[in-house]
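Chemist: The file below is run-v4.txt, compact mmCIF, C-alpha atoms:
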```
# COMPACT_ATOMS: atom_id res chain seq x y z
CA MET A 1 -19.17 -39.76 62.62
CA LYS A 2 -17.54 -36.83 60.83
CA THR A 3 -19.43 -33.53 60.43
CA LEU A 4 -18.48 -30.46 58.41
CA ILE A 5 -19.81 -27.01 59.37
CA GLN A 6 -19.13 -24.73 56.43
CA GLY A 7 -19.94 -21.30 55.06
CA GLY A 8 -20.29 -19.42 58.35
CA THR A 9 -18.46 -16.60 60.11
CA LEU A 10 -16.55 -17.96 63.09
CA VAL A 11 -16.39 -15.83 66.26
CA ASN A 12 -13.58 -16.87 68.58
CA GLU A 13 -10.88 -15.32 70.76
CA GLY A 14 -11.52 -11.77 69.60
CA LYS A 15 -11.69 -12.52 65.89
CA LEU A 16 -14.35 -12.86 63.18
CA TYR A 17 -13.39 -14.81 60.09
CA ASP A 18 -14.82 -17.01 57.37
CA GLY A 19 -14.11 -20.62 58.16
CA SER A 20 -15.19 -24.22 58.42
CA ILE A 21 -15.08 -26.70 61.28
CA VAL A 22 -14.63 -30.44 61.03
CA VAL A 23 -16.11 -32.37 63.94
CA GLU A 24 -15.33 -36.00 64.66
CA ASN A 25 -16.05 -38.19 67.69
CA GLY A 26 -17.49 -35.28 69.62
CA LYS A 27 -14.44 -33.05 69.22
CA ILE A 28 -13.30 -30.27 66.92
CA GLN A 29 -10.86 -32.08 64.67
CA GLN A 30 -9.96 -29.20 62.36
CA ILE A 31 -10.63 -25.48 61.86
CA ILE A 32 -10.07 -24.19 58.34
CA SER A 33 -9.85 -20.45 57.68
CA GLY A 34 -11.34 -19.08 54.49
CA ARG A 35 -14.03 -20.34 52.20
CA HIS A 36 -12.24 -23.47 51.01
CA THR A 37 -13.37 -26.70 52.65
CA PRO A 38 -11.62 -30.04 53.12
CA GLU A 39 -11.82 -32.53 50.29
CA ALA A 40 -12.21 -35.50 52.60
CA SER A 41 -15.74 -36.86 52.73
CA CYS A 42 -17.94 -36.19 55.75
CA ASP A 43 -21.01 -38.03 57.00
CA GLU A 44 -22.89 -34.76 57.51
CA VAL A 45 -22.50 -31.28 56.05
CA ILE A 46 -24.07 -28.34 57.89
CA ASP A 47 -24.48 -25.24 55.76
CA ALA A 48 -23.89 -22.20 58.00
CA SER A 49 -24.03 -19.66 55.16
CA GLY A 50 -25.18 -16.27 56.44
CA CYS A 51 -24.72 -17.40 60.05
CA PHE A 52 -22.27 -16.79 62.87
CA VAL A 53 -20.64 -19.82 64.47
CA LEU A 54 -19.84 -19.43 68.20
CA PRO A 55 -18.61 -21.66 71.00
CA GLY A 56 -21.52 -23.05 73.00
CA ILE A 57 -22.61 -20.74 75.81
CA ILE A 58 -21.49 -21.60 79.35
CA ASP A 59 -24.07 -20.36 81.89
CA ASP A 60 -22.40 -20.18 85.29
CA HIS A 61 -25.61 -19.53 87.23
CA VAL A 62 -28.88 -21.47 86.94
CA HIS A 63 -31.57 -22.86 89.22
CA PHE A 64 -33.05 -25.96 87.59
CA ARG A 65 -35.09 -26.73 90.75
CA GLU A 66 -34.44 -30.46 90.90
CA PRO A 67 -34.71 -32.22 93.28
CA GLY A 68 -37.63 -31.12 95.40
CA LEU A 69 -39.09 -28.17 93.50
CA THR A 70 -40.03 -29.89 90.28
CA GLU A 71 -43.48 -28.32 89.98
CA LYS A 72 -41.54 -25.25 88.76
CA ALA A 73 -38.84 -26.88 86.62
CA ASP A 74 -36.60 -29.91 86.35
CA ILE A 75 -33.31 -30.90 84.76
CA ASP A 76 -35.01 -32.35 81.67
CA SER A 77 -37.14 -29.30 80.89
CA GLU A 78 -34.56 -26.63 81.68
CA SER A 79 -31.74 -28.37 79.82
CA ARG A 80 -34.10 -28.45 76.83
CA ALA A 81 -34.49 -24.69 77.24
CA ALA A 82 -30.71 -24.38 77.46
CA ALA A 83 -30.22 -26.33 74.22
CA ALA A 84 -32.84 -24.21 72.45
CA GLY A 85 -30.98 -21.10 73.63
CA GLY A 86 -27.50 -22.14 72.48
CA VAL A 87 -26.34 -22.98 76.03
CA THR A 88 -24.27 -26.17 76.02
CA THR A 89 -23.02 -26.09 79.63
CA TYR A 90 -24.62 -24.96 82.89
CA PHE A 91 -23.67 -24.80 86.57
CA ASP A 92 -26.65 -25.34 88.86
CA MET A 93 -27.11 -23.72 92.26
CA PRO A 94 -27.56 -25.53 95.60
CA ASN A 95 -30.87 -24.14 96.92
CA THR A 96 -32.94 -27.20 96.03
CA VAL A 97 -34.74 -29.64 98.36
CA PRO A 98 -32.67 -31.09 99.86
CA GLN A 99 -30.07 -28.35 99.65
CA THR A 100 -26.81 -29.31 97.95
CA THR A 101 -24.87 -28.93 101.19
CA THR A 102 -23.83 -32.55 101.73
CA LEU A 103 -21.77 -34.90 99.59
CA GLU A 104 -24.78 -37.21 99.32
CA ALA A 105 -27.03 -34.44 97.94
CA LEU A 106 -24.31 -33.47 95.46
CA GLU A 107 -24.05 -37.05 94.21
CA GLU A 108 -27.82 -37.23 93.82
CA LYS A 109 -27.75 -34.23 91.47
CA PHE A 110 -24.97 -35.71 89.36
CA ASP A 111 -26.95 -38.95 89.13
CA LEU A 112 -30.11 -37.12 88.05
CA ALA A 113 -28.23 -35.14 85.40
CA SER A 114 -26.54 -38.26 84.03
CA ARG A 115 -30.02 -39.51 83.14
CA LYS A 116 -31.91 -36.30 82.34
CA SER A 117 -29.65 -33.44 81.18
CA HIS A 118 -29.58 -32.78 77.44
CA VAL A 119 -26.51 -30.53 77.68
CA ASN A 120 -23.33 -30.55 79.80
CA TYR A 121 -23.62 -29.95 83.52
CA SER A 122 -22.07 -29.39 86.91
CA PHE A 123 -23.24 -28.27 90.33
CA PHE A 124 -22.12 -25.78 92.96
CA PHE A 125 -21.73 -27.00 96.53
CA GLY A 126 -23.61 -24.84 99.01
CA ALA A 127 -21.91 -23.34 102.06
CA THR A 128 -23.76 -23.20 105.38
CA ASN A 129 -22.92 -21.92 108.84
CA ASP A 130 -21.51 -25.31 109.79
CA ASN A 131 -20.40 -27.46 106.80
CA VAL A 132 -16.86 -26.13 106.24
CA ASP A 133 -15.47 -29.50 107.32
CA MET A 134 -16.80 -30.99 104.07
CA PHE A 135 -14.76 -28.68 101.82
CA PRO A 136 -11.61 -30.89 101.76
CA HIS A 137 -13.71 -33.82 100.54
CA LEU A 138 -15.04 -32.03 97.45
CA ASP A 139 -13.71 -33.25 94.11
CA LYS A 140 -12.17 -30.13 92.54
CA GLN A 141 -12.33 -31.69 89.08
CA ARG A 142 -16.10 -32.16 89.23
CA ILE A 143 -17.53 -28.90 90.57
CA PRO A 144 -17.01 -25.21 89.68
CA GLY A 145 -16.98 -23.82 93.19
CA ILE A 146 -18.80 -23.07 96.43
CA LYS A 147 -21.99 -20.98 96.51
CA LEU A 148 -22.41 -18.68 99.49
CA PHE A 149 -25.63 -16.80 100.23
CA MET A 150 -24.49 -13.76 102.20
CA GLY A 151 -27.94 -12.24 102.19
CA SER A 152 -31.61 -13.02 102.27
CA SER A 153 -32.71 -15.09 99.29
CA THR A 154 -34.79 -18.05 98.27
CA GLY A 155 -34.05 -21.36 99.94
CA ASN A 156 -33.13 -20.42 103.52
CA MET A 157 -29.39 -20.82 102.97
CA LEU A 158 -28.31 -17.55 104.59
CA VAL A 159 -24.82 -17.60 106.13
CA ASP A 160 -24.68 -14.59 108.43
CA ARG A 161 -22.36 -15.48 111.31
CA ARG A 162 -19.05 -13.67 110.99
CA GLU A 163 -17.15 -16.63 112.45
CA ALA A 164 -18.66 -18.94 109.84
CA LEU A 165 -17.93 -16.50 107.02
CA ASP A 166 -14.29 -16.25 108.09
CA LYS A 167 -13.98 -20.04 108.12
CA ILE A 168 -15.53 -20.35 104.65
CA PHE A 169 -13.23 -17.76 103.08
CA ALA A 170 -10.21 -19.18 104.88
CA SER A 171 -10.93 -22.80 103.97
CA ALA A 172 -12.24 -22.71 100.41
CA GLU A 173 -9.71 -23.76 97.79
CA LEU A 174 -12.32 -23.43 95.06
CA PRO A 175 -13.85 -20.17 93.79
CA ILE A 176 -16.51 -18.77 96.13
CA MET A 177 -19.56 -17.43 94.30
CA THR A 178 -21.56 -15.09 96.51
CA HIS A 179 -25.10 -13.77 96.57
CA CYS A 180 -24.56 -10.40 98.24
CA GLU A 181 -27.44 -8.56 99.88
CA ASP A 182 -27.46 -7.30 103.48
CA THR A 183 -30.42 -8.90 105.25
CA ASP A 184 -30.68 -6.34 108.06
CA ILE A 185 -30.88 -3.45 105.60
CA ILE A 186 -33.51 -5.30 103.54
CA ASN A 187 -35.60 -6.06 106.63
CA ARG A 188 -35.52 -2.41 107.72
CA ASN A 189 -36.47 -1.27 104.23
CA MET A 190 -39.33 -3.77 104.07
CA ALA A 191 -40.70 -2.62 107.43
CA LYS A 192 -40.69 1.00 106.24
CA ALA A 193 -42.32 0.05 102.93
CA LYS A 194 -45.10 -1.86 104.69
CA GLU A 195 -45.78 1.10 106.95
CA ARG A 196 -46.11 3.34 103.90
CA TYR A 197 -47.69 1.06 101.27
CA GLY A 198 -49.35 -1.80 103.16
CA ASP A 199 -48.51 -5.45 103.80
CA ASP A 200 -47.59 -6.26 100.19
CA PRO A 201 -45.98 -3.20 98.55
CA ALA A 202 -46.27 -2.99 94.77
CA VAL A 203 -43.37 -4.48 92.83
CA ILE A 204 -42.16 -1.01 91.72
CA HIS A 205 -40.83 -0.66 95.29
CA HIS A 206 -38.72 -3.84 95.05
CA PRO A 207 -35.47 -1.95 94.24
CA GLU A 208 -36.12 0.38 97.18
CA ILE A 209 -36.43 -2.58 99.57
CA ARG A 210 -33.61 -4.69 98.11
CA SER A 211 -31.66 -1.51 97.73
CA ALA A 212 -28.34 -0.49 96.24
CA GLU A 213 -27.08 0.05 99.80
CA ALA A 214 -28.02 -3.53 100.77
CA CYS A 215 -26.06 -4.87 97.81
CA TYR A 216 -23.04 -2.64 98.35
CA GLU A 217 -22.64 -3.38 102.06
CA SER A 218 -22.77 -7.13 101.54
CA THR A 219 -20.41 -7.05 98.55
CA ARG A 220 -18.03 -4.82 100.51
CA LEU A 221 -17.90 -7.44 103.28
CA ALA A 222 -17.32 -10.27 100.78
CA VAL A 223 -14.43 -8.37 99.18
CA GLU A 224 -12.97 -7.60 102.60
CA LEU A 225 -13.08 -11.28 103.59
CA ALA A 226 -11.66 -12.44 100.25
CA LYS A 227 -8.70 -10.08 100.52
CA LYS A 228 -8.11 -10.99 104.15
CA HIS A 229 -8.00 -14.73 103.41
CA HIS A 230 -6.62 -14.55 99.82
CA ALA A 231 -9.72 -16.37 98.55
CA ARG A 232 -11.02 -16.36 95.00
CA LEU A 233 -14.29 -14.44 95.02
CA HIS A 234 -16.83 -14.31 92.21
CA VAL A 235 -19.72 -11.95 92.98
CA ALA A 236 -22.93 -13.22 91.41
CA HIS A 237 -25.49 -10.97 89.67
CA LEU A 238 -23.86 -7.64 90.51
CA THR A 239 -26.48 -4.91 90.04
CA THR A 240 -25.22 -1.47 91.07
CA ALA A 241 -22.80 1.15 89.84
CA LYS A 242 -21.39 1.52 93.34
CA GLU A 243 -20.51 -2.16 93.70
CA LEU A 244 -18.36 -1.95 90.58
CA GLU A 245 -15.91 0.18 92.60
CA LEU A 246 -15.15 -2.91 94.71
CA ILE A 247 -14.16 -5.28 91.91
CA ASP A 248 -10.41 -5.92 91.95
CA LEU A 249 -9.18 -8.35 89.31
CA SER A 250 -5.63 -8.12 90.68
CA ALA A 251 -6.90 -9.68 93.92
CA SER A 252 -8.79 -12.48 92.10
CA ILE A 253 -12.12 -10.76 92.70
CA THR A 254 -14.44 -11.07 89.69
CA ALA A 255 -18.09 -10.35 89.03
CA GLU A 256 -21.00 -11.67 87.01
CA ALA A 257 -23.82 -9.64 85.51
CA THR A 258 -27.02 -11.29 84.39
CA VAL A 259 -28.77 -10.82 81.09
CA SER A 260 -31.82 -9.52 82.96
CA HIS A 261 -29.93 -6.75 84.76
CA LEU A 262 -28.23 -5.75 81.51
CA TYR A 263 -31.49 -5.66 79.57
CA PHE A 264 -34.16 -4.37 81.99
CA CYS A 265 -34.30 -1.37 84.34
CA ASP A 266 -36.80 -0.18 86.95
CA ARG A 267 -38.99 1.49 84.31
CA ASP A 268 -39.87 -1.98 83.03
CA TYR A 269 -41.80 -2.88 86.21
CA ASN A 270 -44.70 -0.81 84.85
CA ALA A 271 -45.17 -3.13 81.89
CA LEU A 272 -43.85 -6.46 83.19
CA GLY A 273 -44.61 -6.29 86.92
CA THR A 274 -43.52 -9.29 88.97
CA ARG A 275 -42.41 -11.18 85.86
CA ILE A 276 -39.09 -9.34 86.28
CA LYS A 277 -39.03 -9.49 90.09
CA CYS A 278 -35.73 -11.10 91.06
CA ASN A 279 -33.13 -10.93 93.82
CA PRO A 280 -31.13 -8.71 93.68
CA ALA A 281 -33.72 -6.39 92.20
CA ILE A 282 -33.69 -4.88 88.72
CA LYS A 283 -32.48 -1.39 89.52
CA SER A 284 -32.18 2.05 87.93
CA GLU A 285 -31.32 2.97 84.38
CA HIS A 286 -28.11 4.53 85.76
CA ASP A 287 -27.12 1.19 87.31
CA ARG A 288 -27.93 -0.64 84.09
CA GLU A 289 -25.79 1.75 82.07
CA ALA A 290 -22.91 1.27 84.52
CA LEU A 291 -23.17 -2.51 84.12
CA ARG A 292 -23.19 -2.15 80.35
CA GLN A 293 -20.01 -0.10 80.53
CA ALA A 294 -18.45 -2.65 82.88
CA ILE A 295 -18.99 -5.59 80.50
CA ASN A 296 -16.80 -3.71 78.03
CA ASP A 297 -14.05 -2.42 80.34
CA GLY A 298 -13.43 -5.74 82.08
CA ARG A 299 -14.89 -5.11 85.54
CA ILE A 300 -17.63 -7.62 84.70
CA SER A 301 -16.02 -10.90 83.65
CA VAL A 302 -19.00 -13.16 83.02
CA ILE A 303 -22.60 -12.93 81.86
CA GLY A 304 -24.97 -15.55 83.28
CA THR A 305 -28.73 -15.77 83.64
CA ASP A 306 -29.64 -16.67 87.23
CA HIS A 307 -32.32 -18.67 85.42
CA ALA A 308 -34.92 -19.23 88.17
CA PRO A 309 -38.34 -20.52 87.09
CA HIS A 310 -41.51 -20.20 89.18
CA LEU A 311 -45.09 -20.98 88.31
CA LEU A 312 -47.02 -17.87 87.27
CA SER A 313 -49.33 -18.43 90.23
CA GLN A 314 -46.27 -18.05 92.48
CA LYS A 315 -45.48 -14.68 90.85
CA GLU A 316 -48.77 -13.12 91.97
CA GLY A 317 -48.67 -10.26 94.46
CA GLY A 318 -46.06 -7.63 95.19
CA CYS A 319 -42.78 -7.27 97.07
CA SER A 320 -43.81 -9.55 99.94
CA LYS A 321 -45.88 -12.23 98.24
CA ALA A 322 -44.58 -12.70 94.70
CA ALA A 323 -41.71 -15.14 94.23
CA SER A 324 -38.42 -13.70 92.98
CA GLY A 325 -36.79 -15.13 89.86
CA MET A 326 -37.48 -15.57 86.16
CA PRO A 327 -36.72 -18.09 83.40
CA MET A 328 -34.20 -16.63 80.92
CA ILE A 329 -31.82 -19.34 79.70
CA GLN A 330 -33.64 -20.01 76.42
CA PHE A 331 -33.48 -16.33 75.44
CA SER A 332 -30.17 -15.24 76.98
CA LEU A 333 -28.03 -15.43 73.84
CA VAL A 334 -30.57 -13.83 71.49
CA THR A 335 -31.15 -11.06 74.06
CA MET A 336 -27.44 -10.30 74.23
CA LEU A 337 -27.26 -10.38 70.43
CA GLU A 338 -29.99 -7.74 70.46
CA LEU A 339 -27.68 -5.61 72.61
CA VAL A 340 -24.95 -6.23 70.01
CA ASP A 341 -27.28 -4.76 67.39
CA GLN A 342 -27.84 -1.76 69.67
CA GLY A 343 -24.09 -1.14 69.88
CA ILE A 344 -23.87 -1.99 73.60
CA LEU A 345 -21.11 -4.54 72.97
CA THR A 346 -19.53 -6.40 70.06
CA ILE A 347 -20.22 -10.00 69.21
CA GLU A 348 -16.56 -10.75 69.93
CA ARG A 349 -16.97 -9.36 73.45
CA LEU A 350 -20.19 -11.34 73.90
CA VAL A 351 -18.27 -14.54 73.21
CA GLU A 352 -15.58 -13.52 75.72
CA LEU A 353 -18.20 -12.95 78.42
CA MET A 354 -20.47 -15.91 77.77
CA CYS A 355 -18.02 -18.58 76.55
CA HIS A 356 -14.30 -17.89 77.06
CA ASN A 357 -14.34 -16.17 80.46
CA PRO A 358 -16.57 -18.70 82.26
CA ALA A 359 -14.22 -21.42 81.00
CA ARG A 360 -11.13 -19.51 82.16
CA LEU A 361 -12.51 -18.40 85.51
CA PHE A 362 -13.72 -21.82 86.61
CA GLY A 363 -11.02 -23.86 84.85
CA VAL A 364 -13.37 -25.69 82.48
CA GLU A 365 -11.34 -28.21 80.50
CA LYS A 366 -11.62 -28.37 76.69
CA ARG A 367 -14.76 -26.23 76.39
CA GLY A 368 -15.64 -22.58 75.83
CA PHE A 369 -13.50 -22.03 72.72
CA LEU A 370 -13.44 -23.03 69.06
CA ARG A 371 -10.10 -24.87 69.21
CA GLU A 372 -8.86 -28.06 67.63
CA GLY A 373 -9.00 -30.89 70.15
CA TYR A 374 -11.73 -29.19 72.20
CA GLN A 375 -15.21 -30.61 72.68
CA ALA A 376 -17.49 -29.61 69.80
CA ASP A 377 -19.86 -27.42 71.82
CA ILE A 378 -21.02 -25.05 69.09
CA VAL A 379 -23.97 -22.75 68.46
CA ILE A 380 -24.93 -21.41 65.03
CA VAL A 381 -26.94 -18.16 65.06
CA ARG A 382 -28.63 -16.41 62.15
CA PRO A 383 -29.16 -12.62 62.02
CA ASN A 384 -32.03 -10.78 60.36
CA LYS A 385 -34.47 -13.65 60.85
CA GLY A 386 -37.30 -12.10 62.84
CA TRP A 387 -39.49 -14.21 65.12
CA THR A 388 -41.71 -13.60 68.13
CA VAL A 389 -41.66 -15.40 71.49
CA THR A 390 -44.91 -17.29 72.04
CA LYS A 391 -45.94 -19.81 74.67
CA GLU A 392 -45.55 -22.56 72.09
CA VAL A 393 -41.78 -22.05 71.76
CA ILE A 394 -41.06 -21.92 75.51
CA GLN A 395 -39.25 -25.06 76.69
CA SER A 396 -39.15 -24.23 80.42
CA LYS A 397 -41.59 -26.25 82.50
CA CYS A 398 -43.10 -23.12 84.07
CA GLY A 399 -44.49 -22.23 80.64
CA TRP A 400 -43.93 -18.47 80.62
CA SER A 401 -41.22 -15.91 79.96
CA PRO A 402 -40.79 -12.17 80.54
CA MET A 403 -39.90 -12.08 76.83
CA GLU A 404 -43.32 -13.32 75.65
CA GLY A 405 -44.52 -11.17 72.78
CA HIS A 406 -41.03 -9.83 72.11
CA MET A 407 -39.70 -9.94 68.57
CA TYR A 408 -36.09 -10.98 68.07
CA LEU A 409 -34.03 -10.41 64.95
CA TRP A 410 -31.58 -13.22 65.76
CA ARG A 411 -32.42 -16.90 65.78
CA ILE A 412 -30.66 -19.92 67.24
CA GLU A 413 -30.24 -22.05 64.14
CA ARG A 414 -28.53 -25.08 65.65
CA THR A 415 -26.88 -26.17 68.88
CA LEU A 416 -24.25 -28.90 68.93
CA CYS A 417 -23.25 -30.45 72.25
CA ASN A 418 -20.16 -32.68 72.07
CA GLY A 419 -20.62 -32.75 68.31
CA HIS A 420 -24.23 -33.91 68.50
CA THR A 421 -27.03 -31.70 67.15
CA VAL A 422 -29.16 -31.34 70.26
CA TYR A 423 -31.30 -28.48 68.88
CA HIS A 424 -32.33 -27.61 65.31
CA GLN A 425 -35.32 -25.85 63.78
CA GLY A 426 -37.37 -25.76 66.96
CA HIS A 427 -36.69 -29.38 67.92
CA VAL A 428 -34.67 -30.61 70.91
CA ASP A 429 -33.26 -34.13 70.67
CA THR A 430 -34.37 -35.42 74.05
CA SER A 431 -32.67 -38.76 73.44
CA TYR A 432 -29.29 -37.07 73.87
CA ILE A 433 -27.63 -36.77 77.29
CA GLY A 434 -24.82 -34.29 77.91
CA GLU A 435 -21.59 -34.87 79.82
CA PRO A 436 -20.37 -33.86 83.27
CA VAL A 437 -17.91 -30.97 83.03
CA CYS A 438 -14.29 -31.58 84.00
CA PHE A 439 -12.36 -28.80 85.73
CA SER A 440 -8.64 -28.25 85.93
CA VAL A 441 -7.10 -28.92 89.34
CA GLN A 442 -4.81 -25.92 88.84
CA ARG A 443 -7.07 -22.91 88.41
```
Let's see the structure in the file written out as structure tokens.

Modeler:
Amino acid sequence: MKTLIQGGTLVNEGKLYDGSIVVENGKIQQIISGRHTPEASCDEVIDASGCFVLPGIIDDHVHFREPGLTEKADIDSESRAAAAGGVTTYFDMPNTVPQTTTLEALEEKFDLASRKSHVNYSFFFGATNDNVDMFPHLDKQRIPGIKLFMGSSTGNMLVDRREALDKIFASAELPIMTHCEDTDIINRNMAKAKERYGDDPAVIHHPEIRSAEACYESTRLAVELAKKHHARLHVAHLTTAKELELIDLSASITAEATVSHLYFCDRDYNALGTRIKCNPAIKSEHDREALRQAINDGRISVIGTDHAPHLLSQKEGGCSKAASGMPMIQFSLVTMLELVDQGILTIERLVELMCHNPARLFGVEKRGFLREGYQADIVIVRPNKGWTVTKEVIQSKCGWSPMEGHMYLWRIERTLCNGHTVYHQGHVDTSYIGEPVCFSVQR
């Protein structure tokens, strides 16, 4: 089948230009600059007039909860949300049940996705205190890297023994993606907060408990270990101005910021409460502004979501009782486009951070760019088309979003995954199954 996408403004590799794309057999066959279109007949013509045409978003950080936690979410529901949000590729995290810390558990996830995922997929392998011996057996062409929880978080996957950390950083040939929060500092802060505010401190105290100091000290240790062992370190969901001082691209140390930490700040707890409770915590306006500067100056390389659904009943309570995490993948691109409208970044930079850089950093083959011969992972977005988030549009299984009631001025018009229209006009084609991502051996 041959498809022509015409009339739109292409955004790719730092440029905006009028152009058309010919898609055939799942790949981008031809890119034509200008308003003229090919004379050859096509089976389908997609009119992108008034729209921007981007590479499909690559989200390097999601929690789709399957297997074992499927009351919250599953691969089917969350990949639908991804498609509706213009995300054509995701990398899922290992804190499921069972944890993705054995080769058998990793294979189970790939098998589930091959039957249930409506966009492209891969899975991080989880490091523990004692599974380093499995690293040589990992297929480097199938997975993006190794996830390491260096601080207290959901899923009881904390690696806190210095000997184990040294082995992980010394042995990993793949990128190591770290969750960095110092557990001892958090525990001390929680004890003080409970003394002052009671057994379940209000959520406004979350950034005091999971503090900037807790993040900095853990990230400092990760950077120290990466430099000592010449490992490739990617710090997940960096949240503080101070941590940015540690990022050293020359030493293969990169960082991710999430949409939530770029959009919200601690003032938003008053209105949204535990709906924006996540780990690491949403922090100060100063920290948010530092992150926004860093996505433009290169210290932040990638924007992900840390998409982490919970049932609303699990979000009840405060710092002790309410679950941490929020569903954001369906609204990540339109939220960042809102920041484009606010002048926080350009749409060209957005594409670098959400498409090109994830592909480069993890060595994704033939995705993340609008290039001839690449897979036709494409999202078409329309500006100045206001709409409001309601429960009815939410695809995530948990059925809620911190963005409910919010009005967006950008709309996801269409999402193509491997040349197939997987989302259009509010409808996800659930008959379509995405592909496993292939990674370059040399990355």

Chemist: From the options A:Gly85, A:Met354, A:Leu158, A:Ala251, which residue's atoms come nearest to A:Trp410, counting only C-alpha atoms?

Modeler: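 Result for the nearest residue to A:Trp410: A:Gly85.
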
Chemist: Could you list, as a PyMOL selection string, every residue within 9 Å of stretch 82-84 of chain A, counting all atoms listed in the file and ignoring same-chain residues fewer than 5 positions away?

Modeler: chain A and resi 59+77+89-90+118-119+329-331+395-396+412-417+422-424+426-428

Chemist: Near stretch 61-72 of chain A, counting all atoms listed in the file, which residues have an atom at most 7 Å away, once you skip same-chain residues fewer than 5 positions from it, shown as a PDB file with C-alpha atoms, in the coordinates of the input?

Modeler:
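Output below, filename part37.pdb:
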```pdb
ATOM      1  CA  GLU A  78     -34.560 -26.630  81.680  1.00  0.00           C
ATOM      2  CA  TYR A  90     -24.620 -24.960  82.890  1.00  0.00           C
ATOM      3  CA  PHE A  91     -23.670 -24.800  86.570  1.00  0.00           C
ATOM      4  CA  ASP A  92     -26.650 -25.340  88.860  1.00  0.00           C
ATOM      5  CA  MET A  93     -27.110 -23.720  92.260  1.00  0.00           C
ATOM      6  CA  THR A  96     -32.940 -27.200  96.030  1.00  0.00           C
ATOM      7  CA  VAL A  97     -34.740 -29.640  98.360  1.00  0.00           C
ATOM      8  CA  PRO A  98     -32.670 -31.090  99.860  1.00  0.00           C
ATOM      9  CA  GLY A 304     -24.970 -15.550  83.280  1.00  0.00           C
ATOM     10  CA  THR A 305     -28.730 -15.770  83.640  1.00  0.00           C
ATOM     11  CA  ASP A 306     -29.640 -16.670  87.230  1.00  0.00           C
ATOM     12  CA  HIS A 307     -32.320 -18.670  85.420  1.00  0.00           C
ATOM     13  CA  ALA A 308     -34.920 -19.230  88.170  1.00  0.00           C
ATOM     14  CA  PRO A 309     -38.340 -20.520  87.090  1.00  0.00           C
ATOM     15  CA  HIS A 310     -41.510 -20.200  89.180  1.00  0.00           C
ATOM     16  CA  LEU A 311     -45.090 -20.980  88.310  1.00  0.00           C
ATOM     17  CA  LYS A 397     -41.590 -26.250  82.500  1.00  0.00           C
ATOM     18  CA  CYS A 398     -43.100 -23.120  84.070  1.00  0.00           C
TER      19      CYS A 398
END
```

Chemist: Pick out the closest residue to A:Lys227 from this set: A:Glu338, A:Asp166, A:Glu256, A:Glu404. Count only C-alpha atoms.

Modeler: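 Nearest candidate to A:Lys227 out of A:Glu338, A:Asp166, A:Glu256, A:Glu404: A:Asp166.
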
Chemist: Hey, which bits of stretch 354-390 of chain A sit within 12 Å of stretch 171-177 of chain A, and for each residue what's the closest pair of atoms and how far apart in Å (one decimal), counting all atoms listed in the file, rows by chain and increasing number, as a Markdown table?

Modeler:
```
| residue | atom | partner | partner_atom | distance |
| --- | --- | --- | --- | --- |
| A:Pro358 | CA | A:Pro175 | CA | 11.9 |
| A:Arg360 | CA | A:Pro175 | CA | 12.0 |
| A:Leu361 | CA | A:Pro175 | CA | 8.6 |
| A:Phe362 | CA | A:Pro175 | CA | 7.4 |
| A:Gly363 | CA | A:Pro175 | CA | 10.1 |
```

Chemist: Any idea what's packed within 8 Å of A:Ala170, counting only C-alpha atoms, ignoring anything in its chain fewer than 5 positions away? Could you give it as a ChimeraX atom specification?

Modeler: /A:229-231

Chemist: Counting all atoms listed in the file, figure out which residue out of A:Glu372, A:Glu44, A:Asp18, A:Glu217 gets nearest to A:His420.

Modeler: A:Glu44

Chemist: Report, in Å with one decimal, the straight-line distance from atom CA of A:Ile75 to atom CA of A:Tyr121.

Modeler: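 Taking atom CA of A:Ile75 as the start and atom CA of A:Tyr121 as the end point, the length is 9.8 Å.
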
Chemist: Could you check the closest approach to A:Phe124 for each of A:Tyr374, A:Lys167, A:Val437, A:Met150 and tell me which residue wins, using all atoms listed in the file?

Modeler: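 Ranking A:Tyr374, A:Lys167, A:Val437, A:Met150 by distance to A:Phe124, first place goes to A:Val437.
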
Chemist: Could you tell me how far atom CA of A:Asp60 sits from atom CA of A:Leu112, in Å to one decimal place?

Modeler: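 A separation of 18.8 Å between them.
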
Chemist: So that I can see what lies close to stretch 275-283 of chain A, please list as JSON, numbers by chain the residues with an atom at most 9 Å from it, counting all atoms listed in the file and leaving out residues fewer than 5 positions away in the same chain.

Modeler: {"A": [152, 153, 154, 179, 180, 181, 203, 206, 207, 208, 209, 210, 211, 212, 215, 237, 238, 239, 240, 260, 261, 264, 265, 266, 267, 268, 269, 288, 308, 312, 315, 318, 319, 322, 323, 324, 325, 326, 401, 402]}

Chemist: For A:Ile186, which residue out of A:Asn131, A:Thr254, A:Asn296, A:Ser320 is the nearest one, using all atoms listed in the file?

Modeler: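 That would be A:Ser320, the residue with the smallest distance to A:Ile186.
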
Chemist: Please provide as a list in words all residues within 10 Å of A:Arg292, with the sequence filter that same-chain residues fewer than 2 positions apart are discarded (counting only C-alpha atoms).

Modeler: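 Close residues of A:Arg292: Ala257, His261, Leu262, Tyr263, His286, Asp287, Arg288, Glu289, Ala290, Ala294, Ile295, Asn296, Asp297, Ile300, Leu339, Ile344 and Leu345 of chain A.
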